[in-house]
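Text of query33.csv (CSV, C-alpha atoms) as supplied:
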```csv
chain,number,residue,atom,x,y,z
A,884,MET,CA,-20.2,-4.0,24.4
A,885,ILE,CA,-18.2,-7.2,23.9
A,886,ASP,CA,-20.7,-8.4,21.4
A,887,PHE,CA,-20.1,-5.2,19.3
A,888,PHE,CA,-16.3,-5.5,19.3
A,889,ILE,CA,-15.5,-9.2,19.4
A,890,THR,CA,-18.5,-11.4,18.5
A,891,PRO,CA,-18.4,-10.7,14.7
A,892,PHE,CA,-14.9,-12.1,14.5
A,893,THR,CA,-15.7,-15.1,16.7
A,894,ASP,CA,-18.9,-16.0,14.8
A,895,TYR,CA,-17.7,-15.6,11.2
A,896,VAL,CA,-14.7,-17.2,9.6
A,897,PHE,CA,-14.6,-14.7,6.7
A,898,LEU,CA,-14.2,-11.8,9.1
A,899,ARG,CA,-11.4,-13.5,10.9
A,900,ARG,CA,-9.6,-14.0,7.6
A,901,ALA,CA,-10.2,-10.4,6.7
A,902,LEU,CA,-8.8,-9.3,10.0
A,903,MET,CA,-5.7,-11.5,9.6
A,904,ALA,CA,-5.2,-10.1,6.1
A,905,CYS,CA,-5.3,-6.6,7.5
A,906,LEU,CA,-2.7,-7.5,10.1
A,907,ALA,CA,-0.4,-8.9,7.5
A,908,LEU,CA,-0.9,-5.9,5.3
A,909,ALA,CA,-0.2,-3.6,8.2
A,910,LEU,CA,3.1,-5.3,9.0
A,911,GLY,CA,4.3,-5.0,5.4
A,912,CYS,CA,2.7,-1.8,4.2
A,913,GLY,CA,3.5,0.2,7.4
A,914,PRO,CA,7.3,0.4,7.0
A,915,VAL,CA,7.1,0.7,3.2
A,916,GLY,CA,4.7,3.6,3.5
A,917,VAL,CA,7.0,5.4,5.9
A,918,LEU,CA,9.9,5.0,3.6
A,919,LEU,CA,7.8,6.4,0.7
A,920,VAL,CA,7.1,9.5,2.8
A,921,LEU,CA,10.7,9.9,3.9
A,922,ARG,CA,11.8,9.6,0.2
A,923,ARG,CA,9.1,12.0,-1.0
A,924,MET,CA,7.8,9.3,-3.3
A,925,SER,CA,4.1,9.2,-2.1
A,926,LEU,CA,2.7,10.2,-5.5
A,927,MET,CA,5.0,7.8,-7.3
A,928,GLY,CA,3.6,5.0,-5.1
A,929,ASP,CA,0.1,6.0,-6.2
A,930,ALA,CA,1.2,5.8,-9.8
A,931,LEU,CA,2.7,2.4,-9.3
A,932,ALA,CA,-0.5,1.2,-7.6
A,933,HIS,CA,-2.5,2.1,-10.7
A,934,ALA,CA,0.2,0.7,-13.0
A,935,ILE,CA,-0.5,-2.8,-11.8
A,936,LEU,CA,-4.1,-2.7,-13.1
A,937,PRO,CA,-3.5,-4.1,-16.6
A,938,GLY,CA,-1.5,-7.1,-15.3
A,939,ALA,CA,-4.2,-7.8,-12.7
A,940,ALA,CA,-6.8,-7.5,-15.4
A,941,VAL,CA,-5.0,-10.1,-17.6
A,942,GLY,CA,-4.6,-12.3,-14.5
A,943,PHE,CA,-8.3,-12.0,-13.9
A,944,LEU,CA,-9.1,-13.1,-17.4
A,945,ILE,CA,-6.9,-16.2,-17.0
A,946,GLY,CA,-7.7,-17.2,-13.4
A,947,GLY,CA,-10.8,-15.3,-12.4
A,948,LEU,CA,-10.9,-13.5,-9.0
A,949,SER,CA,-7.8,-15.3,-7.8
A,950,LEU,CA,-5.3,-13.3,-5.9
A,951,PRO,CA,-2.3,-15.4,-7.0
A,952,ALA,CA,-3.2,-15.0,-10.7
A,953,MET,CA,-4.0,-11.3,-10.5
A,954,GLY,CA,-1.2,-10.7,-8.1
A,955,LEU,CA,1.4,-12.3,-10.4
A,956,GLY,CA,0.1,-10.4,-13.4
A,957,GLY,CA,0.0,-7.1,-11.4
A,958,PHE,CA,3.6,-7.6,-10.0
A,959,LEU,CA,5.0,-8.4,-13.4
A,960,VAL,CA,3.5,-5.3,-15.0
A,961,GLY,CA,4.5,-3.1,-11.9
A,962,PHE,CA,8.0,-4.5,-12.1
A,963,PHE,CA,8.2,-3.7,-15.9
A,964,VAL,CA,6.8,-0.1,-15.3
A,965,ALA,CA,9.3,0.6,-12.6
A,966,LEU,CA,12.1,-0.6,-14.9
A,967,LEU,CA,10.8,1.4,-17.8
A,968,ALA,CA,10.2,4.6,-15.8
A,969,GLY,CA,13.8,4.4,-14.4
A,970,ALA,CA,15.2,3.9,-17.8
A,971,ILE,CA,13.3,6.8,-19.3
A,972,SER,CA,14.4,9.1,-16.5
A,973,ARG,CA,18.0,8.1,-17.0
A,974,PHE,CA,18.1,8.5,-20.8
A,975,THR,CA,15.7,11.5,-21.3
A,976,ILE,CA,15.1,14.9,-19.6
A,977,LEU,CA,12.0,13.6,-17.8
A,978,ASN,CA,12.2,12.9,-14.0
A,979,GLU,CA,11.2,9.6,-12.6
A,980,ASP,CA,7.9,10.9,-11.2
A,981,ALA,CA,6.9,12.3,-14.6
A,982,SER,CA,7.6,8.9,-16.2
A,983,PHE,CA,5.5,7.2,-13.5
A,984,ALA,CA,2.7,9.7,-14.1
A,985,GLY,CA,2.6,8.9,-17.8
A,986,PHE,CA,2.5,5.1,-17.2
A,987,TYR,CA,-0.1,5.5,-14.5
A,988,LEU,CA,-2.6,7.1,-16.8
A,989,ILE,CA,-1.9,4.7,-19.7
A,990,SER,CA,-2.1,1.6,-17.4
A,991,LEU,CA,-5.3,2.7,-15.6
A,992,ALA,CA,-7.1,3.3,-18.9
A,993,LEU,CA,-5.8,0.0,-20.4
A,994,GLY,CA,-6.7,-2.0,-17.3
A,995,VAL,CA,-10.3,-0.6,-17.2
A,996,LEU,CA,-10.6,-1.2,-20.9
A,997,ILE,CA,-9.6,-4.9,-20.6
A,998,VAL,CA,-11.9,-5.7,-17.7
A,999,SER,CA,-14.8,-3.7,-19.2
A,1000,THR,CA,-14.6,-5.5,-22.5
A,1001,GLN,CA,-13.9,-9.0,-21.3
A,1002,GLY,CA,-15.7,-9.0,-17.9
A,1003,SER,CA,-18.8,-7.5,-16.3
A,1004,GLN,CA,-19.5,-4.4,-14.3
A,1005,VAL,CA,-19.3,-6.5,-11.1
A,1006,ASP,CA,-15.9,-7.8,-12.1
A,1007,LEU,CA,-14.7,-4.2,-12.7
A,1008,MET,CA,-16.0,-3.1,-9.2
A,1009,HIS,CA,-14.2,-6.0,-7.6
A,1010,ILE,CA,-10.9,-5.2,-9.2
A,1011,LEU,CA,-11.1,-1.4,-8.6
A,1012,PHE,CA,-12.4,-1.5,-5.0
A,1013,GLY,CA,-11.3,-5.0,-3.7
A,1014,THR,CA,-13.1,-7.8,-1.9
A,1015,ILE,CA,-11.4,-8.3,1.5
A,1016,LEU,CA,-14.3,-10.3,2.8
A,1017,ALA,CA,-13.7,-12.9,0.1
A,1018,VAL,CA,-10.1,-13.5,1.1
A,1019,ASP,CA,-9.5,-17.3,1.2
A,1020,THR,CA,-6.7,-19.4,2.7
A,1021,VAL,CA,-4.5,-19.2,-0.4
A,1022,SER,CA,-4.8,-15.4,-0.6
A,1023,LEU,CA,-4.2,-15.0,3.1
A,1024,LEU,CA,-1.1,-17.1,2.9
A,1025,MET,CA,0.2,-15.1,-0.1
A,1026,VAL,CA,-0.3,-11.8,1.8
A,1027,ALA,CA,1.5,-13.2,4.8
A,1028,LEU,CA,4.4,-14.4,2.7
A,1029,ILE,CA,4.7,-10.9,1.1
A,1030,ALA,CA,4.7,-9.2,4.5
A,1031,THR,CA,7.4,-11.6,5.8
A,1032,PHE,CA,9.5,-11.2,2.7
A,1033,THR,CA,9.2,-7.4,3.0
A,1034,LEU,CA,10.3,-7.3,6.6
A,1035,CYS,CA,13.3,-9.6,5.9
A,1036,ILE,CA,14.5,-7.5,3.0
A,1037,LEU,CA,14.0,-4.3,4.9
A,1038,ALA,CA,16.1,-5.7,7.7
A,1039,LEU,CA,18.9,-6.5,5.3
A,1040,ILE,CA,19.0,-3.2,3.5
A,1041,TYR,CA,17.7,-1.0,6.3
A,1042,ARG,CA,20.9,1.1,6.9
A,1043,PRO,CA,21.8,1.9,3.3
A,1044,LEU,CA,18.2,2.5,2.5
A,1045,LEU,CA,18.0,5.1,5.3
A,1046,ILE,CA,21.2,6.7,4.2
A,1047,GLU,CA,19.9,7.0,0.7
A,1048,CYS,CA,16.7,8.7,2.1
A,1049,PHE,CA,18.6,11.4,3.9
A,1050,ASP,CA,22.0,11.7,2.1
A,1051,PRO,CA,22.2,9.9,-1.2
A,1052,GLY,CA,25.4,11.8,-2.0
A,1053,PHE,CA,27.2,10.3,1.0
A,1054,LEU,CA,26.1,6.8,-0.1
A,1055,ARG,CA,27.7,7.4,-3.5
A,1056,VAL,CA,30.9,8.7,-1.9
A,1057,ILE,CA,31.4,5.6,0.3
A,1058,GLY,CA,30.8,3.3,-2.7
A,1059,GLY,CA,27.2,2.3,-1.9
A,1060,TRP,CA,24.9,0.9,-4.6
A,1061,GLY,CA,22.2,3.5,-4.3
A,1062,SER,CA,20.5,2.5,-7.6
A,1063,LEU,CA,20.3,-1.1,-6.4
A,1064,TYR,CA,18.7,-0.2,-3.1
A,1065,HIS,CA,16.3,2.1,-4.9
A,1066,PHE,CA,15.3,-0.7,-7.3
A,1067,LEU,CA,14.9,-3.2,-4.5
A,1068,PHE,CA,12.7,-0.7,-2.6
A,1069,LEU,CA,10.5,-0.3,-5.7
A,1070,ILE,CA,10.1,-4.1,-5.9
A,1071,LEU,CA,8.9,-4.1,-2.2
A,1072,VAL,CA,6.4,-1.3,-3.0
A,1073,ALA,CA,5.0,-3.3,-6.0
A,1074,LEU,CA,4.8,-6.5,-3.9
A,1075,ASN,CA,2.9,-4.8,-1.1
A,1076,LEU,CA,0.5,-3.1,-3.5
A,1077,VAL,CA,-0.2,-6.5,-5.0
A,1078,ALA,CA,-0.9,-7.8,-1.5
A,1079,ALA,CA,-3.3,-4.9,-0.8
A,1080,PHE,CA,-4.9,-5.4,-4.2
A,1081,GLN,CA,-7.3,-8.2,-3.0
A,1082,ALA,CA,-8.4,-6.2,0.1
A,1083,LEU,CA,-8.8,-2.7,-1.3
A,1084,GLY,CA,-8.6,-2.8,-5.1
A,1085,THR,CA,-6.3,-0.8,-7.3
A,1086,LEU,CA,-8.0,2.6,-6.5
A,1087,MET,CA,-7.4,2.4,-2.7
A,1088,ALA,CA,-4.6,-0.1,-2.3
A,1089,LEU,CA,-2.2,2.7,-1.5
A,1090,GLY,CA,-4.5,3.9,1.3
A,1091,MET,CA,-3.4,1.2,3.7
A,1092,MET,CA,0.2,2.2,2.9
A,1093,MET,CA,0.2,6.0,2.9
A,1094,LEU,CA,-2.5,7.2,5.3
A,1095,PRO,CA,-1.0,5.4,8.4
A,1096,ALA,CA,2.5,6.5,7.3
A,1097,VAL,CA,1.6,10.2,7.0
A,1098,SER,CA,-0.3,10.0,10.3
A,1099,SER,CA,2.7,8.5,12.1
A,1100,ARG,CA,4.9,11.3,10.7
A,1101,LEU,CA,2.9,13.8,12.8
A,1102,TRP,CA,3.5,11.9,16.0
A,1103,ALA,CA,7.1,10.8,16.0
A,1104,ARG,CA,10.5,11.6,14.5
A,1105,HIS,CA,12.6,8.4,14.9
A,1106,VAL,CA,12.3,6.0,12.1
A,1107,TRP,CA,11.7,2.9,14.2
A,1108,SER,CA,8.9,4.7,16.0
A,1109,LEU,CA,7.4,5.7,12.6
A,1110,PHE,CA,7.4,2.1,11.5
A,1111,LEU,CA,5.7,1.0,14.7
A,1112,LEU,CA,3.1,3.7,14.7
A,1113,SER,CA,2.3,3.3,11.0
A,1114,SER,CA,1.7,-0.5,11.4
A,1115,SER,CA,-0.3,0.1,14.5
A,1116,PHE,CA,-2.5,2.7,12.8
A,1117,ALA,CA,-3.0,0.3,9.9
A,1118,VAL,CA,-4.0,-2.5,12.1
A,1119,PHE,CA,-6.5,-0.3,14.0
A,1120,SER,CA,-7.9,1.0,10.7
A,1121,GLY,CA,-8.4,-2.6,9.5
A,1122,TYR,CA,-10.1,-3.7,12.7
A,1123,LEU,CA,-12.4,-0.8,13.1
A,1124,GLY,CA,-13.2,-0.6,9.4
A,1125,LEU,CA,-14.3,-4.2,9.4
A,1126,LEU,CA,-16.5,-3.6,12.5
A,1127,LEU,CA,-18.2,-0.6,10.8
A,1128,SER,CA,-18.6,-2.6,7.7
A,1129,TYR,CA,-20.3,-5.4,9.6
A,1130,HIS,CA,-22.6,-3.4,11.8
A,1131,LEU,CA,-23.5,-0.6,9.4
A,1132,GLU,CA,-23.4,-2.7,6.2
A,1133,TRP,CA,-20.9,-0.5,4.6
A,1134,PRO,CA,-18.4,-1.7,1.9
A,1135,SER,CA,-15.4,-3.0,3.8
A,1136,GLY,CA,-12.5,-1.5,1.7
A,1137,PRO,CA,-13.8,2.1,1.8
A,1138,SER,CA,-14.6,1.7,5.5
A,1139,ILE,CA,-11.0,0.8,6.3
A,1140,ILE,CA,-9.6,3.7,4.3
A,1141,LEU,CA,-12.1,6.1,5.9
A,1142,VAL,CA,-11.0,5.1,9.4
A,1143,ALA,CA,-7.4,5.6,8.3
A,1144,GLY,CA,-8.4,9.0,7.0
A,1145,LEU,CA,-10.1,9.9,10.4
A,1146,ILE,CA,-6.9,9.0,12.2
A,1147,TYR,CA,-5.0,11.3,9.8
A,1148,GLY,CA,-7.5,14.1,10.4
A,1149,PHE,CA,-7.2,13.6,14.2
A,1150,SER,CA,-3.4,13.6,14.0
A,1151,LEU,CA,-3.4,16.8,12.1
A,1152,ILE,CA,-5.2,18.5,15.0
A,1153,VAL,CA,-3.8,17.0,18.1
A,1154,ALA,CA,-0.4,15.3,17.2
A,1155,PRO,CA,2.8,16.9,18.5
A,1156,PHE,CA,3.8,17.8,15.0
A,1157,GLY,CA,0.3,18.5,13.7
A,1158,ALA,CA,-1.0,21.8,12.3
A,1159,LEU,CA,-2.6,23.0,15.5
A,1160,LYS,CA,0.4,22.2,17.7
A,1161,GLN,CA,2.8,23.8,15.2
A,1162,GLN,CA,0.6,27.0,15.1
A,1163,GLN,CA,0.6,27.2,18.9
A,1164,GLY,CA,4.3,26.9,19.0
A,1165,LYS,CA,4.7,29.8,16.6
A,1166,ASP,CA,2.3,31.9,18.8
```

If you convert what's in this file into C-alpha cells, what do you get?
Amino acid sequence: MIDFFITPFTDYVFLRRALMACLALALGCGPVGVLLVLRRMSLMGDALAHAILPGAAVGFLIGGLSLPAMGLGGFLVGFFVALLAGAISRFTILNEDASFAGFYLISLALGVLIVSTQGSQVDLMHILFGTILAVDTVSLLMVALIATFTLCILALIYRPLLIECFDPGFLRVIGGWGSLYHFLFLILVALNLVAAFQALGTLMALGMMMLPAVSSRLWARHVWSLFLLSSSFAVFSGYLGLLLSYHLEWPSGPSIILVAGLIYGFSLIVAPFGALKQQQGKD
C-alpha cells in the first residue's frame, strides 16, 4: 500500500517536482478560483485562459518549451486582452463577458495557427495539454513565485475585493476604487493561468482553478473556508492525478483534471449544499 501511494514520489525526481508544482498551483489558483465563482466570472476566466495562447505560442517560437518564455508572452497578451476587453465594454454597448468571448475565439485560432505553421504536432499538443512531468527547477520556482505574489496581493486587497464581490455600489459610495481592484484581480487571474500553463496547457489550465472552487462552494459558505477547501481539493487532485498517471500510464494533465471532476461530482451528491441535500431539504 505504501509503495502505491508514496514510492513513486520518493523514487523519481520529476514526480516530486510535478507534485510541488501542483501544491504551488493549488495555493495560488484555489483562492483566485473562489473569487471568480463569487464574482460570477467563471466563463470570463475560461476566455482569458485561451486568450494567452498567442503570446505563449510566440514565446515558444523564441525560447522553445520554456515556461519563463511562454509565460511572459502569455501574460503580456492576457494583460493586453484584459485591458482591451475592459475598454470595449466601457466605450461600446457590449458587456465585458461578450468582449472576452470575442477575444477568446480570435486568440485561440491565432495561437493554434502560429504553433501549427511554425512548430510540429507534438509542440501543439504540449502547448494545448501541458507537460507537468517536464517541470524543471526554473519552472517550479516561477510557479512558486506567482503563488506567493498572488497570496500577498490578495492579503492586501482582500477586504475591498470582497466588498466589490457582494456590494459594488457600497464600495463606490465610500470612495473605493472598484475598477482598480477589478483590474488587479484580472492580473492575478492571468498570472495564475500562466503558472498553470506548463502543467495543464491552455485547454485545461482553468480546471485547476475552477473545479476545486465550485466543489468547495457546495461544502462551505464562509469565504476563508472556501479558500481553504478549494486549495485542499486542488492539492488532492494533483496528488491523486499524478499517482493515476504513473500507475495507469495516463496523461498527467487530464488525470489531474478528471480527479478534480470526480470531486465535483461527489460534492454535487453528498455535500451539504449539493443537489441531493437541497432536494431532501425541499421534501

**Report entry** Non-local contacts of Ala1017 of chain A (9 Å; only C-alpha atoms; under 6 positions in same chain excluded) as a PyMOL selection string
**Finding:** chain A and resi 897+900-901+1081-1082

Query raised in the report: So how many Å separate atom CA of Met1025 of chain A and atom CA of Pro951 of chain A, to one decimal?
Result: 7.3 Å

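Using all atoms listed in the file, the contacts of Leu1125 of chain A at a cut-off of 7 Å, with sequence neighbours closer than 4 positions omitted, comprise Gly1121, Tyr1129, Ser1135 and Ile1139 of chain A.
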
**Report entry** For segment 1029-1041 of chain A: contacts at 8 Å, all atoms listed in the file, fewer than 6 positions along chain excluded, given as a ChimeraX atom specification
**Finding:** /A:907-908,910-912,1064,1071,1074-1075,1078

Please produce a file of those selected residues containing C-alpha atoms, as a tab-separated table (two decimals), in the frame of the given file.
```tsv
chain	number	residue	atom	x	y	z
A	907	ALA	CA	-0.40	-8.90	7.50
A	908	LEU	CA	-0.90	-5.90	5.30
A	910	LEU	CA	3.10	-5.30	9.00
A	911	GLY	CA	4.30	-5.00	5.40
A	912	CYS	CA	2.70	-1.80	4.20
A	1064	TYR	CA	18.70	-0.20	-3.10
A	1071	LEU	CA	8.90	-4.10	-2.20
A	1074	LEU	CA	4.80	-6.50	-3.90
A	1075	ASN	CA	2.90	-4.80	-1.10
A	1078	ALA	CA	-0.90	-7.80	-1.50
```

Query raised in the report: Could you work out how far atom CA of Ala1027 of chain A lies from atom CA of Ala939 of chain A, giving the answer in Å with one decimal?
Result: 19.2 Å

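One finds atom CA of Tyr987 of chain A at 9.1 Å from atom CA of Met927 of chain A.
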
Would you kindly return, as a short mmCIF file (atom, residue, chain, number, x, y, z; two decimals) with C-alpha atoms, keeping the file's coordinate frame, each protein, DNA or RNA residue with an atom no farther than 9 Å from any atom of Phe1066 of chain A, considering all atoms listed in the file and excluding same-chain residues fewer than 6 positions away?
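Once everything was written out, this is around26.cif:
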```cif
data_model
loop_
_atom_site.label_atom_id
_atom_site.label_comp_id
_atom_site.auth_asym_id
_atom_site.auth_seq_id
_atom_site.Cartn_x
_atom_site.Cartn_y
_atom_site.Cartn_z
CA ALA A 965 9.30 0.60 -12.60
CA LEU A 966 12.10 -0.60 -14.90
CA GLY A 969 13.80 4.40 -14.40
#
```

Query - A:Val1153, A:Val1097, A:Leu1141, A:Leu921 ranked by distance to Glu1047 of chain A, top pick (using only C-alpha atoms) - result: A:Leu921

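Selecting by distance to (4.0, -1.0, 14.5) with a limit of 10 Å and using all atoms listed in the file, one obtains A:Ala909, A:Leu910, A:Gly911, A:Gly913, A:Pro914, A:Ser1099, A:Trp1107, A:Ser1108, A:Leu1109, A:Phe1110, A:Leu1111, A:Leu1112, A:Ser1113, A:Ser1114, A:Ser1115, A:Phe1116, A:Ala1117, A:Val1118.
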
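For the set A:His1130, A:His1105, A:Arg1100, A:Arg973, the residue with the smallest atom-to-atom gap to Ser1062 of chain A is A:Arg973, counting all atoms listed in the file.
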
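For the set A:Leu996, A:Ala984, A:Ile945, A:Ile1015, the residue with the smallest atom-to-atom gap to Leu931 of chain A is A:Ala984, counting all atoms listed in the file.
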
All file atoms of segment 884-896 of chain A boxed axis-aligned, 8 Å per side, centre plus edges, as AutoDock Vina command-line options:
```
--center_x -17.7 --center_y -10.6 --center_z 17.0 --size_x 22.0 --size_y 29.2 --size_z 30.8
```

Report task. Determine the nearest neighbour of Met1091 of chain A from the options A:Pro1043, A:Gly928, A:Gly956, A:Gly942, counting all atoms listed in the file. Result -> A:Gly928

Query raised in the report: Quick one: residues within 9 Å of Gly1090 of chain A, all atoms listed in the file counted, chain neighbours fewer than 6 positions away excluded, as a PyMOL selection string?
Result: chain A and resi 1083+1139-1140+1143-1144

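Counting only C-alpha atoms, the residue from A:Ala1096, A:Val1026, A:Leu1044, A:Ile997 that sits nearest to Gly954 of chain A is A:Val1026.
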